[in-house]
Amino acid sequence: MLVSAKEMLEKAAKGGYAVAQININNLEWTKAVLETVEEMRSPVILGVSEGAGKYMGGYKTVVGMVNGLLTELNITVPVALHLDHGSYEGAKKTIEAGFSSVMFDGSHYPIAENIEKTKELVDICNKLGLSLEAEVGSIGGEEDGVVGGGEVASPEECKMIADLGVTMLAAGIGNIHGKYPANWQGLRFDVLEKIKALTGDMPLVLHGGTGIPADMIQKAISLGVAKINVNTECQLSFAAATRKYIEEGKDLEGKGFDPRKLLKPGYEAIKATVREKITLFGSANKA
Ligand code: 13P
């Protein structure tokens with residue numbers, strides 16, 4: 001059964017580790033993530049962007065697929081199904097479809113409007129027992145065609161949004177989705193410390209988990225980050241493994257064209273990436 005992300009994140013924040021949000025794109029991806037977290041006894045948050053939801057045939061399809069896998073694969077670790085960077089309308093649609101957690105990304109609105117919309121969603125999520133992530137200060141890079149400038153969040157604005165009663169807060173601290181440019185200045189730990197000082201026990205979320213060096217990840221966790229999002233790294237490992245399989249010519253031989261064979265190296269590659277992230281974030285055996 002899907003669960004809200006609230007309890008797993010509060011445990012992570014207290015326990016000094018982070019829960020991975022792994023974004024999913026298809027059946028193989030989802031199965032690979034669920035099997036790996038079950039093996040490692042780790043909680044997980046399955047992230048679905050609005051674009052990925054559309055690609056997979058709509059939010060209800062995603063809910064059906066994930067719930068089916070939880071039952072058929074006998075998954076016993078806590079799993080939340082979470083909308084990633086949701087619009088206000090997208091948040092409402094996923095709630096209706098049966099997601100157990102949503103992110104409302106109002107970071108591009110003026111702060112007053114971000115507060116107003118986030119507050120409305122806090123009330124809805126509280127009534128239904130769902131977790132809600134809010135964002136302050138847009139994350140850099142491109143996601144689903146939206147390019148964020150990589151703002152650094154204002155700690156005071158973070159406090160205003162945290163005080164609305166959200167479950168978790170994503171704050172821009174120089175992090176970027178996807179690959180990091182060679183001249184990247186690194187995470188703004190000074191800002192993270194100020195945000196933590198003002199928001200207390202609020203679990204903080206670090207987006208753009210792909211290109212952040214391991215030492216920065218560990219420092220961020222030590223300063224209150226309890227959830228780290230990973231998307232691009234799984235896409236890169238899936239694509240590289242599939243390309244290798246095709247280049248070796250195996251897809252042209254015998255039954256190599258069978259999608260169950262063609263997609264297997266990518267599925268194995270995702271398992272390896274998830275294993276690596278769970279180990280780095282410290283959430284193994286915390287289920
Ligand atoms: P990456 O694509 O950099 O892993 O970031 C994922 C993310 O933050 C999704 O919200």
# chains A, B, ... in the order shown; residues from 1 in each chain; ligands from 1
>>> residues_around(residues="Ala97 (chain A)", least_positions_apart="2", cutoff="6 Å", atoms="only C-alpha atoms", output="list of chain:residue names")
A:Tyr59, A:Lys60, A:Thr94, A:Ile95
>>> write_last_selection(atoms="N, CA and C atoms", output="JSON list (two decimals), in the first residue's frame")
[["chain", "number", "residue", "atom", "x", "y", "z"],
["A", 59, "TYR", "N", -2.10, 9.80, -14.93],
["A", 59, "TYR", "CA", -1.83, 9.55, -13.50],
["A", 59, "TYR", "C", -2.52, 8.29, -12.98],
["A", 60, "LYS", "N", -3.73, 8.03, -13.47],
["A", 60, "LYS", "CA", -4.43, 6.84, -12.98],
["A", 60, "LYS", "C", -3.70, 5.57, -13.43],
["A", 94, "THR", "N", -3.40, 14.72, -9.46],
["A", 94, "THR", "CA", -2.73, 13.53, -8.91],
["A", 94, "THR", "C", -3.38, 13.11, -7.59],
["A", 95, "ILE", "N", -3.84, 14.09, -6.83],
["A", 95, "ILE", "CA", -4.53, 13.76, -5.57],
["A", 95, "ILE", "C", -5.77, 12.93, -5.90]]
>>> residues_near_ligand(ligand="ligand 1", cutoff="8 Å", atoms="only C-alpha atoms and all ligand atoms", output="count of residues only")
26
>>> select_by_dssp(residues="region 12-222 of chain A", states="alpha helix (DSSP H)", output="ChimeraX atom specification")
/A:12-15,27-40,50-55,59-72,88-97,111-128,155-162,189-199,214-222
>>> write_last_selection(atoms="C-alpha atoms", output="short mmCIF file (atom, residue, chain, number, x, y, z; two decimals), in the first residue's frame")
data_model
loop_
_atom_site.label_atom_id
_atom_site.label_comp_id
_atom_site.auth_asym_id
_atom_site.auth_seq_id
_atom_site.Cartn_x
_atom_site.Cartn_y
_atom_site.Cartn_z
CA ALA A 12 15.30 10.39 8.13
CA ALA A 13 15.63 13.95 9.46
CA LYS A 14 16.05 12.60 13.00
CA GLY A 15 18.27 9.70 11.95
CA LEU A 27 7.32 -0.23 -16.04
CA GLU A 28 10.91 -1.54 -16.16
CA TRP A 29 12.16 1.55 -14.29
CA THR A 30 9.53 1.21 -11.57
CA LYS A 31 10.11 -2.53 -11.14
CA ALA A 32 13.89 -2.00 -10.92
CA VAL A 33 13.50 0.67 -8.21
CA LEU A 34 11.00 -1.32 -6.14
CA GLU A 35 13.01 -4.55 -6.27
CA THR A 36 16.20 -2.73 -5.26
CA VAL A 37 14.70 -0.90 -2.27
CA GLU A 38 13.05 -4.12 -1.09
CA GLU A 39 16.44 -5.93 -1.27
CA MET A 40 18.10 -3.06 0.62
CA GLU A 50 3.85 15.88 -15.16
CA GLY A 51 5.57 14.98 -18.45
CA ALA A 52 6.39 11.45 -17.27
CA GLY A 53 2.81 11.02 -16.04
CA LYS A 54 1.50 11.94 -19.48
CA TYR A 55 4.05 9.65 -21.16
CA TYR A 59 -1.83 9.55 -13.50
CA LYS A 60 -4.43 6.84 -12.98
CA THR A 61 -2.36 4.45 -15.10
CA VAL A 62 0.69 5.22 -12.96
CA VAL A 63 -1.25 4.61 -9.74
CA GLY A 64 -2.56 1.30 -11.12
CA MET A 65 0.90 0.18 -12.24
CA VAL A 66 2.60 1.06 -8.95
CA ASN A 67 -0.13 -0.44 -6.77
CA GLY A 68 -0.07 -3.60 -8.89
CA LEU A 69 3.70 -3.95 -8.51
CA LEU A 70 3.56 -3.38 -4.76
CA THR A 71 1.18 -6.32 -4.43
CA GLU A 72 2.60 -8.68 -7.04
CA TYR A 88 -1.49 23.76 -9.04
CA GLU A 89 -3.82 21.88 -11.46
CA GLY A 90 -1.45 18.89 -11.67
CA ALA A 91 -1.38 18.63 -7.87
CA LYS A 92 -5.18 18.42 -7.76
CA LYS A 93 -5.28 15.82 -10.56
CA THR A 94 -2.73 13.53 -8.91
CA ILE A 95 -4.53 13.76 -5.57
CA GLU A 96 -7.71 12.66 -7.33
CA ALA A 97 -5.87 9.82 -9.12
CA ILE A 111 5.77 34.77 -2.82
CA ALA A 112 2.23 35.92 -1.81
CA GLU A 113 0.67 33.75 -4.52
CA ASN A 114 2.98 30.81 -3.72
CA ILE A 115 1.81 31.09 -0.09
CA GLU A 116 -1.87 31.29 -1.00
CA LYS A 117 -1.83 28.28 -3.32
CA THR A 118 0.43 26.22 -1.05
CA LYS A 119 -1.89 26.91 1.90
CA GLU A 120 -4.91 25.65 -0.01
CA LEU A 121 -3.05 22.44 -0.90
CA VAL A 122 -1.84 22.00 2.70
CA ASP A 123 -5.48 21.91 3.83
CA ILE A 124 -6.46 19.38 1.14
CA CYS A 125 -3.45 17.11 1.83
CA ASN A 126 -3.94 17.25 5.60
CA LYS A 127 -7.54 16.14 5.26
CA LEU A 128 -6.54 13.21 3.06
CA PRO A 155 15.60 31.84 4.22
CA GLU A 156 12.81 34.18 5.42
CA GLU A 157 10.55 33.09 2.56
CA CYS A 158 11.39 29.46 3.35
CA LYS A 159 10.19 30.05 6.90
CA MET A 160 6.92 31.59 5.66
CA ILE A 161 6.20 28.53 3.50
CA ALA A 162 7.35 26.04 6.17
CA PHE A 189 25.82 25.65 2.60
CA ASP A 190 25.72 29.08 4.27
CA VAL A 191 22.17 29.52 2.97
CA LEU A 192 21.21 25.94 3.88
CA GLU A 193 22.35 26.58 7.46
CA LYS A 194 20.22 29.73 7.69
CA ILE A 195 17.19 27.91 6.26
CA LYS A 196 17.65 25.08 8.75
CA ALA A 197 17.99 27.53 11.65
CA LEU A 198 14.68 29.18 10.70
CA THR A 199 12.67 26.09 9.74
CA ALA A 214 29.36 12.67 -2.63
CA ASP A 215 31.03 14.93 -0.03
CA MET A 216 28.53 17.74 -0.72
CA ILE A 217 25.63 15.25 -0.48
CA GLN A 218 26.87 14.10 2.91
CA LYS A 219 27.36 17.64 4.17
CA ALA A 220 23.84 18.59 2.98
CA ILE A 221 22.39 15.60 4.88
CA SER A 222 24.29 16.64 8.01
#
>>> residues_around(residues="Glu151 (chain A)", least_positions_apart="2", cutoff="10 Å", atoms="only C-alpha atoms", output="mmCIF file with N, CA, C and O atoms, in the first residue's frame")
data_model
loop_
_atom_site.group_PDB
_atom_site.id
_atom_site.type_symbol
_atom_site.label_atom_id
_atom_site.label_comp_id
_atom_site.auth_asym_id
_atom_site.auth_seq_id
_atom_site.Cartn_x
_atom_site.Cartn_y
_atom_site.Cartn_z
ATOM 1 N N SER A 107 7.334 28.076 -6.999
ATOM 2 C CA SER A 107 8.504 28.953 -6.868
ATOM 3 C C SER A 107 8.540 30.058 -7.919
ATOM 4 O O SER A 107 9.200 31.070 -7.735
ATOM 5 N N VAL A 136 10.760 26.892 -2.718
ATOM 6 C CA VAL A 136 11.115 28.316 -2.686
ATOM 7 C C VAL A 136 12.457 28.462 -3.402
ATOM 8 O O VAL A 136 13.396 27.724 -3.107
ATOM 9 N N GLY A 137 12.516 29.404 -4.346
ATOM 10 C CA GLY A 137 13.784 29.614 -5.059
ATOM 11 C C GLY A 137 13.955 28.530 -6.108
ATOM 12 O O GLY A 137 14.231 27.393 -5.761
ATOM 13 N N SER A 138 13.750 28.853 -7.373
ATOM 14 C CA SER A 138 13.689 27.786 -8.375
ATOM 15 C C SER A 138 15.031 27.068 -8.524
ATOM 16 O O SER A 138 16.102 27.642 -8.323
ATOM 17 N N ILE A 139 14.928 25.759 -8.869
ATOM 18 C CA ILE A 139 16.111 24.928 -9.058
ATOM 19 C C ILE A 139 16.613 25.192 -10.483
ATOM 20 O O ILE A 139 15.808 25.268 -11.402
ATOM 21 N N GLY A 140 17.900 25.291 -10.671
ATOM 22 C CA GLY A 140 18.427 25.578 -12.001
ATOM 23 C C GLY A 140 18.289 24.404 -12.964
ATOM 24 O O GLY A 140 17.938 23.304 -12.562
ATOM 25 N N GLY A 148 14.852 26.613 -15.199
ATOM 26 C CA GLY A 148 14.913 27.421 -13.980
ATOM 27 C C GLY A 148 16.252 28.120 -13.915
ATOM 28 O O GLY A 148 17.263 27.595 -14.382
ATOM 29 N N GLY A 149 16.280 29.320 -13.356
ATOM 30 C CA GLY A 149 17.509 30.109 -13.320
ATOM 31 C C GLY A 149 18.456 29.719 -12.192
ATOM 32 O O GLY A 149 19.547 30.254 -12.101
ATOM 33 N N ALA A 153 17.340 30.455 -2.542
ATOM 34 C CA ALA A 153 16.120 30.804 -1.811
ATOM 35 C C ALA A 153 16.397 31.797 -0.686
ATOM 36 O O ALA A 153 17.474 31.794 -0.100
ATOM 37 N N SER A 154 15.378 32.607 -0.388
ATOM 38 C CA SER A 154 15.473 33.495 0.762
ATOM 39 C C SER A 154 15.075 32.699 2.004
ATOM 40 O O SER A 154 13.984 32.132 2.046
ATOM 41 N N ALA A 171 14.371 23.953 -1.203
ATOM 42 C CA ALA A 171 14.877 25.315 -1.292
ATOM 43 C C ALA A 171 16.056 25.327 -2.256
ATOM 44 O O ALA A 171 16.945 24.479 -2.159
ATOM 45 N N GLY A 172 16.044 26.262 -3.170
ATOM 46 C CA GLY A 172 17.165 26.378 -4.112
ATOM 47 C C GLY A 172 18.400 26.854 -3.360
ATOM 48 O O GLY A 172 18.374 27.887 -2.689
ATOM 49 N N ILE A 173 19.476 26.070 -3.451
ATOM 50 C CA ILE A 173 20.750 26.494 -2.814
ATOM 51 C C ILE A 173 21.895 26.341 -3.830
ATOM 52 O O ILE A 173 22.981 25.894 -3.494
ATOM 53 N N GLY A 174 21.566 26.688 -5.085
ATOM 54 C CA GLY A 174 22.575 26.593 -6.144
ATOM 55 C C GLY A 174 22.555 25.251 -6.844
ATOM 56 O O GLY A 174 23.396 24.974 -7.704
ATOM 57 N N ASN A 175 21.608 24.396 -6.497
ATOM 58 C CA ASN A 175 21.513 23.073 -7.148
ATOM 59 C C ASN A 175 20.816 23.192 -8.503
ATOM 60 O O ASN A 175 20.000 24.076 -8.718
ATOM 61 N N ILE A 176 21.166 22.268 -9.393
ATOM 62 C CA ILE A 176 20.708 22.321 -10.782
ATOM 63 C C ILE A 176 20.246 20.932 -11.197
ATOM 64 O O ILE A 176 20.882 19.931 -10.839
#
>>> residues_around(residues="Glu133 (chain A)", least_positions_apart="4", cutoff="9 Å", atoms="only C-alpha atoms", output="list in words")
Asp84, His85, Ser101, Val102, Met103, Phe104, Asp105, Val166, Thr167, Met168, Leu169, Ala170 and Val205 of chain A
>>> write_last_selection(atoms="C-alpha atoms", output="PDB file, in the first residue's frame")
ATOM      1  CA  ASP A  84       7.434  16.046  -8.950  1.00  0.00           C
ATOM      2  CA  HIS A  85       7.322  19.810  -9.674  1.00  0.00           C
ATOM      3  CA  SER A 101       2.305  12.651  -1.974  1.00  0.00           C
ATOM      4  CA  VAL A 102       2.541  15.793  -4.094  1.00  0.00           C
ATOM      5  CA  MET A 103       4.936  18.594  -4.778  1.00  0.00           C
ATOM      6  CA  PHE A 104       3.431  21.933  -5.594  1.00  0.00           C
ATOM      7  CA  ASP A 105       6.130  24.019  -7.228  1.00  0.00           C
ATOM      8  CA  VAL A 166       3.939  21.584   4.502  1.00  0.00           C
ATOM      9  CA  THR A 167       5.580  18.183   5.049  1.00  0.00           C
ATOM     10  CA  MET A 168       8.877  19.027   3.348  1.00  0.00           C
ATOM     11  CA  LEU A 169      10.513  22.008   1.752  1.00  0.00           C
ATOM     12  CA  ALA A 170      12.671  22.243  -1.369  1.00  0.00           C
ATOM     13  CA  VAL A 205      14.702  18.495   0.038  1.00  0.00           C
TER      14      VAL A 205
END
